[in-house]
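Structure data follow from upload.csv (CSV, C-alpha atoms and all ligand atoms):
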chain,number,residue,atom,x,y,z
A,1,MET,CA,-12.4,-135.6,-76.8
A,2,THR,CA,-13.5,-137.4,-73.7
A,3,VAL,CA,-16.4,-139.9,-73.9
A,4,THR,CA,-18.9,-140.0,-71.0
A,5,ARG,CA,-21.4,-142.5,-69.8
A,6,SER,CA,-24.2,-140.3,-71.1
A,7,ASP,CA,-22.7,-140.4,-74.6
A,8,ILE,CA,-22.7,-144.2,-74.4
A,9,LEU,CA,-26.2,-144.4,-73.0
A,10,ALA,CA,-27.5,-142.0,-75.7
A,11,LEU,CA,-26.1,-144.2,-78.4
A,12,LEU,CA,-27.5,-147.3,-76.8
A,13,ALA,CA,-30.9,-145.7,-76.5
A,14,GLU,CA,-31.0,-145.4,-80.3
A,15,ILE,CA,-30.6,-149.1,-80.8
A,16,GLU,CA,-33.8,-151.3,-80.4
A,17,ALA,CA,-33.3,-154.5,-78.4
A,18,PRO,CA,-34.6,-157.5,-80.3
A,19,PHE,CA,-38.0,-159.1,-79.4
A,20,GLY,CA,-39.5,-155.8,-78.3
A,21,GLY,CA,-37.4,-155.5,-75.2
A,22,GLY,CA,-36.9,-151.7,-75.2
A,23,THR,CA,-33.6,-150.2,-76.2
A,24,LEU,CA,-30.1,-151.3,-75.4
A,25,ALA,CA,-29.9,-148.5,-72.9
A,26,ASP,CA,-32.7,-150.2,-71.0
A,27,ARG,CA,-30.9,-153.5,-71.2
A,28,ALA,CA,-27.6,-152.0,-69.8
A,29,GLY,CA,-29.4,-150.3,-66.9
A,30,GLU,CA,-27.5,-148.4,-64.2
A,31,ASP,CA,-24.7,-150.9,-63.6
A,32,GLY,CA,-24.1,-152.0,-67.1
A,33,VAL,CA,-22.0,-149.2,-68.5
A,34,SER,CA,-18.5,-148.5,-67.3
A,35,VAL,CA,-16.3,-145.8,-68.8
A,36,ALA,CA,-12.7,-145.1,-67.8
A,37,GLY,CA,-10.8,-142.7,-70.1
A,38,GLY,CA,-11.5,-144.2,-73.5
A,39,ARG,CA,-12.2,-147.7,-72.2
A,40,VAL,CA,-15.9,-148.6,-72.5
A,41,MET,CA,-17.6,-151.7,-71.2
A,42,VAL,CA,-21.2,-152.5,-71.6
A,43,SER,CA,-23.1,-155.4,-70.2
A,44,LEU,CA,-26.5,-156.1,-71.6
A,45,ALA,CA,-29.0,-158.2,-69.6
A,46,ILE,CA,-30.7,-160.9,-71.7
A,47,HIS,CA,-32.4,-164.2,-71.4
A,48,GLY,CA,-29.8,-167.0,-71.6
A,49,ALA,CA,-32.0,-168.8,-74.2
A,50,ASP,CA,-31.9,-165.8,-76.5
A,51,ALA,CA,-28.1,-165.5,-76.7
A,52,ILE,CA,-27.7,-166.7,-80.3
A,53,ARG,CA,-30.2,-164.2,-81.6
A,54,TRP,CA,-28.6,-161.4,-79.6
A,55,GLU,CA,-25.1,-161.9,-80.9
A,56,PRO,CA,-25.5,-159.8,-84.1
A,57,VAL,CA,-27.0,-157.0,-82.0
A,58,ARG,CA,-24.1,-157.2,-79.6
A,59,LYS,CA,-21.6,-157.0,-82.3
A,60,SER,CA,-23.1,-154.1,-84.2
A,61,ALA,CA,-23.5,-152.2,-80.9
A,62,GLN,CA,-19.9,-152.8,-80.2
A,63,GLU,CA,-18.9,-151.5,-83.7
A,64,SER,CA,-21.1,-148.4,-83.4
A,65,LEU,CA,-19.6,-147.6,-80.0
A,66,GLN,CA,-16.1,-148.1,-81.4
A,67,ASP,CA,-16.8,-145.3,-83.9
A,68,LEU,CA,-17.6,-142.8,-81.2
A,69,ASP,CA,-15.0,-140.0,-80.7
A,70,GLY,CA,-12.9,-140.6,-77.7
A,71,VAL,CA,-13.4,-144.4,-77.5
A,72,THR,CA,-10.2,-146.4,-77.5
A,73,THR,CA,-11.4,-149.9,-76.6
A,74,VAL,CA,-14.9,-151.1,-76.2
A,75,MET,CA,-16.5,-154.4,-75.2
A,76,VAL,CA,-20.1,-155.2,-75.2
A,77,THR,CA,-21.1,-158.4,-73.4
A,78,LEU,CA,-24.3,-160.4,-72.9
A,79,THR,CA,-25.1,-161.3,-69.4
A,80,ALA,CA,-27.9,-163.7,-68.5
A,81,GLU,CA,-28.0,-162.7,-64.9
A,82,ARG,CA,-29.8,-159.5,-64.1
A,83,ALA,CA,-33.5,-159.7,-64.8
A,84,PRO,CA,-34.4,-157.0,-67.2
A,85,ALA,CA,-37.5,-155.1,-66.0
A,86,SER,CA,-39.8,-157.0,-68.4
A,87,ALA,CA,-38.9,-160.6,-67.7
A,88,PRO,CA,-36.8,-162.9,-65.5
A,89,VAL,CA,-33.6,-164.3,-67.0
A,90,ALA,CA,-32.5,-167.9,-67.4
A,91,SER,CA,-29.0,-169.0,-66.8
A,92,GLY,CA,-26.7,-169.5,-69.8
A,93,GLY,CA,-24.8,-166.7,-71.4
A,94,SER,CA,-23.1,-165.4,-74.5
A,95,ALA,CA,-21.1,-168.6,-74.9
A,96,GLN,CA,-24.2,-170.2,-76.4
A,97,ALA,CA,-24.2,-167.6,-79.1
A,98,ARG,CA,-21.0,-168.8,-80.5
A,99,ALA,CA,-21.6,-172.5,-79.9
A,100,ALA,CA,-22.9,-173.0,-83.4
A,101,ALA,CA,-19.9,-171.5,-85.1
A,102,ALA,CA,-17.0,-173.1,-83.2
A,103,PRO,CA,-15.9,-176.6,-82.6
A,104,ALA,CA,-16.8,-177.9,-79.1
A,105,SER,CA,-14.2,-178.5,-76.4
A,106,PRO,CA,-14.5,-181.8,-74.5
A,107,ARG,CA,-16.8,-180.1,-72.0
A,108,GLY,CA,-19.1,-178.9,-74.7
A,109,ILE,CA,-17.8,-175.3,-74.6
A,110,PRO,CA,-16.8,-173.9,-78.0
A,111,ALA,CA,-13.0,-173.9,-78.2
A,112,LEU,CA,-10.9,-170.9,-79.3
A,113,ALA,CA,-9.7,-171.3,-82.9
A,114,ASN,CA,-5.9,-171.5,-83.0
A,115,VAL,CA,-5.4,-171.8,-79.2
A,116,ARG,CA,-4.6,-175.4,-78.4
A,117,ARG,CA,-4.7,-175.3,-74.6
A,118,ILE,CA,-6.1,-172.9,-72.0
A,119,VAL,CA,-4.8,-173.1,-68.5
A,120,ALA,CA,-6.3,-171.3,-65.5
A,121,VAL,CA,-4.0,-170.2,-62.7
A,122,ALA,CA,-6.2,-169.8,-59.6
A,123,SER,CA,-6.0,-169.3,-55.9
A,124,GLY,CA,-8.4,-169.6,-53.0
A,125,LYS,CA,-7.6,-166.0,-52.0
A,126,GLY,CA,-5.6,-162.9,-53.0
A,127,GLY,CA,-1.9,-162.2,-52.2
A,128,VAL,CA,-0.6,-165.7,-52.4
A,129,GLY,CA,1.5,-165.1,-55.6
A,130,LYS,CA,-1.0,-166.3,-58.2
A,131,SER,CA,-0.2,-163.5,-60.8
A,132,THR,CA,3.6,-163.9,-60.2
A,133,THR,CA,3.2,-167.7,-60.8
A,134,ALA,CA,1.0,-167.1,-64.0
A,135,CYS,CA,3.6,-164.7,-65.4
A,136,ASN,CA,6.6,-167.0,-64.7
A,137,LEU,CA,4.7,-170.1,-65.7
A,138,ALA,CA,4.0,-168.5,-69.1
A,139,LEU,CA,7.6,-167.5,-69.5
A,140,GLY,CA,8.7,-171.0,-68.5
A,141,LEU,CA,6.4,-172.5,-71.2
A,142,ALA,CA,7.8,-170.0,-73.7
A,143,ALA,CA,11.3,-171.0,-72.8
A,144,MET,CA,10.4,-174.5,-73.9
A,145,GLY,CA,9.7,-173.2,-77.4
A,146,LEU,CA,5.9,-173.1,-77.0
A,147,LYS,CA,3.8,-170.2,-78.3
A,148,VAL,CA,2.3,-168.7,-75.3
A,149,GLY,CA,-0.2,-166.0,-74.4
A,150,VAL,CA,-1.4,-164.6,-71.1
A,151,LEU,CA,-4.8,-163.3,-70.3
A,152,ASP,CA,-4.9,-161.2,-67.2
A,153,ALA,CA,-8.4,-161.9,-66.0
A,154,ASP,CA,-7.8,-160.7,-62.5
A,155,ILE,CA,-10.4,-157.9,-62.6
A,156,TYR,CA,-9.9,-157.1,-58.9
A,157,GLY,CA,-6.2,-156.3,-59.3
A,158,PRO,CA,-4.8,-156.8,-62.9
A,159,SER,CA,-1.0,-157.0,-62.5
A,160,MET,CA,0.3,-158.3,-65.9
A,161,PRO,CA,1.0,-154.8,-67.2
A,162,LYS,CA,3.4,-154.3,-64.3
A,163,LEU,CA,4.8,-157.8,-64.3
A,164,PHE,CA,5.6,-157.6,-68.0
A,165,ALA,CA,6.5,-153.9,-67.9
A,166,LEU,CA,3.9,-153.1,-70.5
A,167,LYS,CA,3.3,-149.4,-71.1
A,168,GLY,CA,1.2,-149.2,-74.2
A,169,GLN,CA,-2.5,-149.9,-75.0
A,170,PRO,CA,-3.7,-152.7,-77.3
A,171,ARG,CA,-4.4,-151.7,-80.9
A,172,ILE,CA,-7.7,-152.5,-82.5
A,173,ALA,CA,-7.2,-154.7,-85.5
A,174,GLU,CA,-9.4,-155.6,-88.5
A,175,GLY,CA,-12.6,-157.3,-87.4
A,176,ARG,CA,-12.5,-155.1,-84.3
A,177,THR,CA,-10.4,-157.6,-82.4
A,178,LEU,CA,-7.9,-156.4,-79.8
A,179,VAL,CA,-4.2,-157.0,-80.6
A,180,PRO,CA,-2.3,-158.4,-77.5
A,181,LEU,CA,0.9,-156.7,-76.5
A,182,ASP,CA,4.2,-158.6,-76.7
A,183,ALA,CA,6.6,-159.0,-73.8
A,184,TYR,CA,9.5,-161.4,-73.6
A,185,GLY,CA,8.1,-163.3,-76.5
A,186,VAL,CA,4.7,-163.8,-74.8
A,187,LYS,CA,1.4,-162.3,-76.0
A,188,VAL,CA,-0.2,-160.4,-73.1
A,189,MET,CA,-3.7,-159.0,-72.7
A,190,SER,CA,-5.1,-157.5,-69.5
A,191,ILE,CA,-8.7,-156.9,-68.5
A,192,GLY,CA,-7.2,-153.7,-67.1
A,193,PHE,CA,-6.7,-152.4,-70.6
A,194,VAL,CA,-10.4,-152.8,-71.4
A,195,VAL,CA,-12.4,-152.3,-68.2
A,196,ASP,CA,-12.5,-149.7,-65.4
A,197,THR,CA,-11.5,-152.2,-62.8
A,198,GLU,CA,-12.6,-149.8,-59.9
A,199,ARG,CA,-16.1,-149.9,-61.2
A,200,ALA,CA,-16.0,-153.6,-62.0
A,201,MET,CA,-15.4,-154.3,-58.3
A,202,ILE,CA,-19.1,-153.8,-57.7
A,203,TRP,CA,-20.2,-156.0,-60.6
A,204,ARG,CA,-21.9,-159.2,-59.9
A,205,GLY,CA,-20.1,-162.4,-60.7
A,206,PRO,CA,-21.8,-163.2,-64.0
A,207,MET,CA,-21.1,-159.7,-65.3
A,208,VAL,CA,-17.4,-160.2,-64.5
A,209,ALA,CA,-17.4,-163.6,-66.1
A,210,SER,CA,-19.1,-162.5,-69.3
A,211,ALA,CA,-16.6,-159.6,-69.7
A,212,ILE,CA,-13.7,-162.1,-69.4
A,213,THR,CA,-15.1,-164.8,-71.7
A,214,GLN,CA,-16.0,-162.1,-74.3
A,215,MET,CA,-12.4,-160.8,-74.0
A,216,LEU,CA,-11.0,-164.2,-74.5
A,217,ARG,CA,-12.7,-164.4,-77.9
A,218,ASP,CA,-12.3,-160.7,-79.0
A,219,VAL,CA,-8.5,-160.8,-78.8
A,220,ALA,CA,-6.4,-161.6,-81.9
A,221,TRP,CA,-4.3,-164.3,-80.1
A,222,GLY,CA,-3.1,-165.8,-83.4
A,223,ASP,CA,-1.6,-169.3,-83.1
A,224,LEU,CA,-1.0,-170.3,-79.5
A,225,ASP,CA,0.1,-173.6,-77.9
A,226,VAL,CA,-1.0,-172.4,-74.5
A,227,LEU,CA,-3.0,-169.5,-73.1
A,228,VAL,CA,-2.4,-168.9,-69.4
A,229,VAL,CA,-5.4,-167.2,-67.7
A,230,ASP,CA,-4.6,-165.4,-64.5
A,231,MET,CA,-8.0,-165.8,-62.8
A,232,PRO,CA,-9.6,-163.4,-60.3
A,233,PRO,CA,-8.6,-164.7,-56.8
A,234,GLY,CA,-11.2,-166.7,-54.8
A,235,THR,CA,-14.0,-169.0,-55.5
A,236,GLY,CA,-17.0,-166.8,-55.8
A,237,ASP,CA,-19.7,-166.5,-58.5
A,238,ALA,CA,-17.4,-164.9,-61.0
A,239,GLN,CA,-14.8,-167.6,-60.8
A,240,LEU,CA,-17.3,-170.4,-60.9
A,241,THR,CA,-19.1,-168.9,-64.0
A,242,LEU,CA,-15.7,-168.4,-65.6
A,243,ALA,CA,-14.6,-172.0,-64.9
A,244,GLN,CA,-17.9,-173.2,-66.3
A,245,ASN,CA,-18.0,-171.1,-69.4
A,246,THR,CA,-14.4,-171.1,-70.5
A,247,PRO,CA,-12.9,-174.0,-72.6
A,248,LEU,CA,-10.2,-174.7,-70.0
A,249,SER,CA,-7.8,-177.6,-70.5
A,250,GLY,CA,-6.8,-177.5,-66.9
A,251,ALA,CA,-6.2,-175.5,-63.7
A,252,VAL,CA,-3.2,-174.8,-61.5
A,253,ILE,CA,-3.8,-173.8,-57.9
A,254,VAL,CA,-1.4,-171.5,-56.2
A,255,SER,CA,-1.2,-171.5,-52.4
A,256,THR,CA,1.1,-170.5,-49.6
A,257,PRO,CA,2.0,-173.4,-47.2
A,258,GLN,CA,-0.1,-172.1,-44.4
A,259,ASP,CA,-3.2,-171.8,-46.6
A,260,LEU,CA,-3.1,-175.2,-48.1
A,261,SER,CA,-4.1,-176.8,-44.8
A,262,LEU,CA,-6.8,-174.2,-44.6
A,263,ILE,CA,-10.0,-174.1,-46.5
A,264,ASP,CA,-9.1,-171.7,-49.3
A,265,ALA,CA,-7.0,-173.8,-51.6
A,266,ARG,CA,-9.3,-176.8,-51.0
A,267,ARG,CA,-12.2,-174.7,-52.1
A,268,GLY,CA,-10.5,-173.8,-55.4
A,269,ILE,CA,-9.7,-177.5,-56.0
A,270,ALA,CA,-13.4,-178.4,-55.3
A,271,MET,CA,-14.7,-175.7,-57.6
A,272,PHE,CA,-12.7,-176.9,-60.7
A,273,ARG,CA,-13.6,-180.5,-59.8
A,274,ASP,CA,-17.3,-179.6,-59.7
A,275,VAL,CA,-17.2,-178.2,-63.2
A,276,GLY,CA,-15.1,-180.9,-64.7
A,277,VAL,CA,-11.9,-179.0,-65.3
A,278,PRO,CA,-8.8,-181.2,-64.8
A,279,LEU,CA,-6.5,-180.1,-62.0
A,280,LEU,CA,-3.0,-180.0,-63.3
A,281,GLY,CA,-1.6,-179.5,-59.8
A,282,VAL,CA,-0.8,-177.3,-56.8
A,283,VAL,CA,2.1,-174.9,-56.5
A,284,GLU,CA,3.3,-174.0,-53.1
A,285,ASN,CA,4.5,-170.4,-53.2
A,286,MET,CA,6.7,-168.7,-50.6
A,287,SER,CA,7.5,-172.2,-49.5
A,288,TYR,CA,10.8,-171.5,-47.8
A,289,PHE,CA,13.3,-168.7,-47.4
A,290,ILE,CA,16.9,-168.8,-48.5
A,291,CYS,CA,18.9,-166.7,-46.1
A,292,ASP,CA,21.3,-164.2,-47.8
A,293,GLU,CA,23.8,-164.5,-45.0
A,294,CYS,CA,24.0,-168.2,-44.3
A,295,GLY,CA,22.6,-169.5,-47.7
A,296,LYS,CA,20.5,-172.1,-45.8
A,297,ARG,CA,16.9,-172.9,-46.5
A,298,HIS,CA,14.5,-171.8,-43.7
A,299,HIS,CA,11.1,-173.3,-43.6
A,300,ILE,CA,9.2,-170.5,-42.0
A,301,PHE,CA,5.9,-172.5,-42.2
A,302,ALA,CA,5.6,-176.2,-41.6
A,303,HIS,CA,7.3,-178.1,-44.4
A,304,GLY,CA,5.8,-180.9,-46.5
A,305,GLY,CA,2.2,-180.0,-45.6
A,306,ALA,CA,1.4,-178.9,-49.1
A,307,ARG,CA,2.7,-182.0,-50.8
A,308,ALA,CA,0.9,-184.2,-48.2
A,309,GLU,CA,-2.3,-182.2,-48.6
A,310,ALA,CA,-2.2,-182.4,-52.4
A,311,GLU,CA,-1.7,-186.1,-52.2
A,312,LYS,CA,-4.6,-186.4,-49.8
A,313,LEU,CA,-6.8,-184.5,-52.3
A,314,GLY,CA,-5.5,-186.6,-55.2
A,315,VAL,CA,-4.0,-183.6,-57.0
A,316,PRO,CA,-0.4,-183.5,-58.4
A,317,PHE,CA,2.1,-181.4,-56.4
A,318,LEU,CA,3.9,-179.3,-59.0
A,319,GLY,CA,6.6,-177.9,-56.7
A,320,GLU,CA,7.8,-175.3,-54.2
A,321,VAL,CA,8.8,-171.8,-55.0
A,322,PRO,CA,10.9,-170.1,-52.4
A,323,LEU,CA,10.1,-166.8,-50.8
A,324,ASP,CA,12.8,-164.7,-52.4
A,325,PRO,CA,13.1,-160.9,-52.2
A,326,VAL,CA,14.6,-161.1,-55.8
A,327,VAL,CA,11.2,-162.4,-57.0
A,328,ARG,CA,9.4,-159.4,-55.5
A,329,GLU,CA,11.9,-156.8,-56.6
A,330,ARG,CA,12.1,-158.1,-60.2
A,331,SER,CA,8.3,-158.5,-60.4
A,332,ASP,CA,7.8,-154.9,-59.3
A,333,ALA,CA,10.3,-153.8,-62.0
A,334,GLY,CA,8.7,-155.8,-64.8
A,335,MET,CA,11.7,-158.1,-65.0
A,336,PRO,CA,10.3,-161.6,-64.3
A,337,VAL,CA,12.9,-163.9,-62.7
A,338,THR,CA,12.4,-166.7,-65.1
A,339,VAL,CA,14.0,-164.7,-67.9
A,340,THR,CA,16.1,-162.0,-66.1
A,341,ALA,CA,17.6,-164.1,-63.2
A,342,PRO,CA,17.4,-167.7,-64.6
A,343,ASP,CA,19.8,-169.1,-62.0
A,344,GLU,CA,17.7,-168.0,-59.0
A,345,PRO,CA,16.2,-171.0,-57.2
A,346,ALA,CA,12.7,-169.5,-57.8
A,347,ALA,CA,13.4,-169.3,-61.6
A,348,LYS,CA,14.4,-172.9,-61.6
A,349,ALA,CA,11.3,-173.8,-59.7
A,350,TYR,CA,9.0,-172.0,-62.2
A,351,ARG,CA,10.7,-173.7,-65.2
A,352,ASP,CA,10.3,-177.0,-63.5
A,353,ILE,CA,6.6,-176.3,-62.9
A,354,ALA,CA,6.2,-175.2,-66.5
A,355,ARG,CA,7.7,-178.5,-67.7
A,356,GLN,CA,5.3,-180.5,-65.7
A,357,VAL,CA,2.3,-178.4,-66.8
A,358,ALA,CA,3.4,-178.8,-70.5
A,359,LEU,CA,3.6,-182.6,-70.0
A,360,ALA,CA,0.2,-182.7,-68.3
A,361,LEU,CA,-1.3,-180.8,-71.2
A,362,GLY,CA,0.3,-183.1,-73.7
A,363,LEU,CA,2.6,-180.4,-75.0
A,364,GLY,CA,5.9,-181.7,-73.6
A,365,LYS,CA,8.5,-183.6,-75.5
A,366,GLY,CA,6.8,-185.5,-78.3
A,367,GLY,CA,3.5,-183.9,-77.5
A,368,ARG,CA,3.7,-181.1,-80.1
B,1,LIG,P1,-1.8,-162.7,-56.1
B,1,LIG,O1,-1.9,-162.7,-57.6
B,1,LIG,O2,-2.1,-164.0,-55.5
B,1,LIG,O3,-2.6,-161.6,-55.5
B,1,LIG,P2,0.9,-161.7,-56.5
B,1,LIG,O4,1.5,-162.6,-57.5
B,1,LIG,O5,0.4,-160.3,-56.9
B,1,LIG,O6,-0.3,-162.4,-55.7
B,1,LIG,O7,2.0,-161.5,-55.3
B,1,LIG,C1,1.7,-160.8,-54.2
B,1,LIG,C2,3.0,-160.1,-53.7
B,1,LIG,O8,3.9,-161.2,-53.3
B,1,LIG,C3,3.8,-159.4,-54.8
B,1,LIG,O9,4.4,-158.2,-54.3
B,1,LIG,C4,4.8,-160.3,-55.3
B,1,LIG,O10,6.0,-159.7,-55.9
B,1,LIG,C5,5.2,-161.1,-54.1
B,1,LIG,N1,5.6,-162.5,-54.3
B,1,LIG,C6,4.9,-163.4,-55.0
B,1,LIG,N2,5.6,-164.6,-55.0
B,1,LIG,C7,6.8,-164.3,-54.3
B,1,LIG,C8,8.0,-165.1,-54.0
B,1,LIG,N3,8.0,-166.4,-54.3
B,1,LIG,N4,9.0,-164.5,-53.3
B,1,LIG,C9,8.8,-163.2,-52.9
B,1,LIG,N5,7.8,-162.4,-53.2
B,1,LIG,C10,6.8,-163.0,-53.9

Show the structure stored in the file as structure tokens.
Amino acid sequence: MTVTRSDILALLAEIEAPFGGGTLADRAGEDGVSVAGGRVMVSLAIHGADAIRWEPVRKSAQESLQDLDGVTTVMVTLTAERAPASAPVASGGSAQARAAAAPASPRGIPALANVRRIVAVASGKGGVGKSTTACNLALGLAAMGLKVGVLDADIYGPSMPKLFALKGQPRIAEGRTLVPLDAYGVKVMSIGFVVDTERAMIWRGPMVASAITQMLRDVAWGDLDVLVVDMPPGTGDAQLTLAQNTPLSGAVIVSTPQDLSLIDARRGIAMFRDVGVPLLGVVENMSYFICDECGKRHHIFAHGGARAEAEKLGVPFLGEVPLDPVVRERSDAGMPVTVTAPDEPAAKAYRDIARQVALALGLGKGGR
């Protein structure tokens, strides 16, 4: 049986919002329900200050929707952004709802139980190799013997299912948590499994951010040393809210050489700085090209600029990844170079970057 938006809205219309705010259907409004196949996502507009009192309602709505015929995965989030008809909304969000229950991270955001470090992989714009880096960084960290997960939060173009050759859908475990899939020894969850990403394109930043923060907490990650989050590209509202509301231990910025001297990567660095997330460093992707014929390195773009720019900005430079057709071919085939072509210069570069990131996170030798 196929579930429709009307089915979802009908069920939400039966649930009263707390504090006399109409029904949950009113709180979801036109934009707040997305259905794709059996994947259901609901965003409820609330006052930020009410998040704690809303949390049980959110949970029980999620459970009721999960029981509807045709629903495979469902996520209900609280978003303190759109003003519901009756009243304006303060900033804040669902993170507050869980603040009481979980230990606080250094920035005062509740940490994830059993996940020691969370690292954002970000870029100032799309197409620079952010997802490829996130995937290979995760595999490099796993090769060091660390327990690693990847959250594909790139709602504008989730690519982890392809990069890790994942075909299945996540299971729902006890407690209604989603069970991540396993690929090459890494636990992988993608926002693409949960949300209709086409529809999410039109969501405002805070709706995107609350979907991702909710997802972070509704996944049964188990014990992890590091969770790598592939961020949505850019530095808009969604990215800023995510950086603010996620208990990040640090961020890695991916850039191509020509962009680093431009404004995009700098904006990414500034964004994380503004919200107090430590910058673990900059990766220069597609840094140089190794010619098949002559075997020489060709610096297609000016060389050394990224390192100099990173130094100027006071951010560590993590290394250069060559532009290598093998990277693209293997990425498209779901066979990441770090594990399937470990002798490629790109694979070595990713492993070296992973070592530096682990050290910066205090997870290197002697850090565990
Ligand atoms: P983003 O996440 O920044 O949008 P992707 O990681 O999806 O970027 O990469 C964009 C495209 O570039 C993909 O086709 C990918 O395979 C390719 N690519 C990324 N890094 C490299 C590299 N070092 N060498 C060759 N191709 C690459």

Please compute the CA of Leu9 (chain A)-CA of Glu55 (chain A) distance, one decimal, in Å.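 A separation of 19.2 Å between them.
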
Rounded to one decimal, what separation in Å do you get between CA of Leu279 (chain A) and CA of Gly126 (chain A)?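 Between CA of Leu279 (chain A) and CA of Gly126 (chain A) the gap is 19.4 Å.
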
Which residues sit within 8 Å of ligand LIG 1 (chain B), counting all atoms listed in the file, listed as number ranges by chain? A: 123, 125-134, 154, 157, 159, 230, 233, 254, 285-287, 321-332, 346

Could you check how far CA of Val3 (chain A) sits from CA of Tyr156 (chain A), in Å to one decimal?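 That distance, rounded to one decimal, is 23.7 Å.
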
May I have the protein, DNA and RNA residues with an atom at most 12 Å from (-6.0, -168.8, -52.1), counting only C-alpha atoms in the file's coordinates, returned as a PyMOL selection string? chain A and resi 121-131+231-236+252-269+282-285

Excluding same-chain residues fewer than 5 positions from region 174-185 of chain A, what lies within 9 Å of it counting all atoms listed in the file, as a CSV table (one decimal) with C-alpha atoms, in the coordinates of the input?
chain,number,residue,atom,x,y,z
A,62,GLN,CA,-19.9,-152.8,-80.2
A,63,GLU,CA,-18.9,-151.5,-83.7
A,66,GLN,CA,-16.1,-148.1,-81.4
A,73,THR,CA,-11.4,-149.9,-76.6
A,139,LEU,CA,7.6,-167.5,-69.5
A,142,ALA,CA,7.8,-170.0,-73.7
A,147,LYS,CA,3.8,-170.2,-78.3
A,148,VAL,CA,2.3,-168.7,-75.3
A,149,GLY,CA,-0.2,-166.0,-74.4
A,150,VAL,CA,-1.4,-164.6,-71.1
A,164,PHE,CA,5.6,-157.6,-68.0
A,165,ALA,CA,6.5,-153.9,-67.9
A,166,LEU,CA,3.9,-153.1,-70.5
A,168,GLY,CA,1.2,-149.2,-74.2
A,169,GLN,CA,-2.5,-149.9,-75.0
A,190,SER,CA,-5.1,-157.5,-69.5
A,215,MET,CA,-12.4,-160.8,-74.0
A,217,ARG,CA,-12.7,-164.4,-77.9
A,218,ASP,CA,-12.3,-160.7,-79.0
A,219,VAL,CA,-8.5,-160.8,-78.8
A,220,ALA,CA,-6.4,-161.6,-81.9
A,221,TRP,CA,-4.3,-164.3,-80.1
A,339,VAL,CA,14.0,-164.7,-67.9

I'd like the contact shell of Met1 (chain A) - 9 Å cut-off, all atoms listed in the file, skipping same-chain residues fewer than 6 positions apart - returned as a list of chain:residue names. A:Asp69, A:Gly70, A:Val71

Let me make sure I understand: among A:Met41, A:Asp237, A:Ala17, A:Ile300, which one has the smallest atom-to-atom distance to Ile191 (chain A) if we use only C-alpha atoms?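 For Ile191 (chain A), the nearest of the candidates is A:Met41.
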
With all atoms listed in the file as the basis for distance, which of A:Arg273, A:Lys348, A:Arg199, A:Arg27 is at the shortest distance from Gly314 (chain A)?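 With all atoms listed in the file as the atom set, the closest residue is A:Arg273.
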
Excluding Gln356 (chain A) and any residue of its chain fewer than 5 positions from it, enumerate the residues within 12 Å of it, using all atoms listed in the file, and give them as a PDB file with C-alpha atoms, in the coordinates of the input.
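Here's the written file selection_6.pdb:
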ATOM      1  CA  LEU A 137       4.700-170.100 -65.700  1.00  0.00           C
ATOM      2  CA  GLY A 140       8.700-171.000 -68.500  1.00  0.00           C
ATOM      3  CA  LEU A 141       6.400-172.500 -71.200  1.00  0.00           C
ATOM      4  CA  MET A 144      10.400-174.500 -73.900  1.00  0.00           C
ATOM      5  CA  VAL A 252      -3.200-174.800 -61.500  1.00  0.00           C
ATOM      6  CA  LEU A 280      -3.000-180.000 -63.300  1.00  0.00           C
ATOM      7  CA  GLY A 281      -1.600-179.500 -59.800  1.00  0.00           C
ATOM      8  CA  VAL A 282      -0.800-177.300 -56.800  1.00  0.00           C
ATOM      9  CA  VAL A 283       2.100-174.900 -56.500  1.00  0.00           C
ATOM     10  CA  PRO A 316      -0.400-183.500 -58.400  1.00  0.00           C
ATOM     11  CA  PHE A 317       2.100-181.400 -56.400  1.00  0.00           C
ATOM     12  CA  LEU A 318       3.900-179.300 -59.000  1.00  0.00           C
ATOM     13  CA  GLY A 319       6.600-177.900 -56.700  1.00  0.00           C
ATOM     14  CA  ALA A 349      11.300-173.800 -59.700  1.00  0.00           C
ATOM     15  CA  TYR A 350       9.000-172.000 -62.200  1.00  0.00           C
ATOM     16  CA  ARG A 351      10.700-173.700 -65.200  1.00  0.00           C
ATOM     17  CA  LEU A 361      -1.300-180.800 -71.200  1.00  0.00           C
ATOM     18  CA  GLY A 362       0.300-183.100 -73.700  1.00  0.00           C
ATOM     19  CA  LEU A 363       2.600-180.400 -75.000  1.00  0.00           C
ATOM     20  CA  GLY A 364       5.900-181.700 -73.600  1.00  0.00           C
ATOM     21  CA  LYS A 365       8.500-183.600 -75.500  1.00  0.00           C
TER      22      LYS A 365
END

For Val119 (chain A), which of A:Val357, A:Leu24, A:Val228, A:Val42 is the closest residue, counting only C-alpha atoms? A:Val228

Find the residues with any atom within 12 Å of (-33.0, -155.6, -80.0); use all atoms listed in the file and the coordinates as given in the file, and write the answer as a PyMOL selection string. chain A and resi 12-27+44-46+50-51+53-61
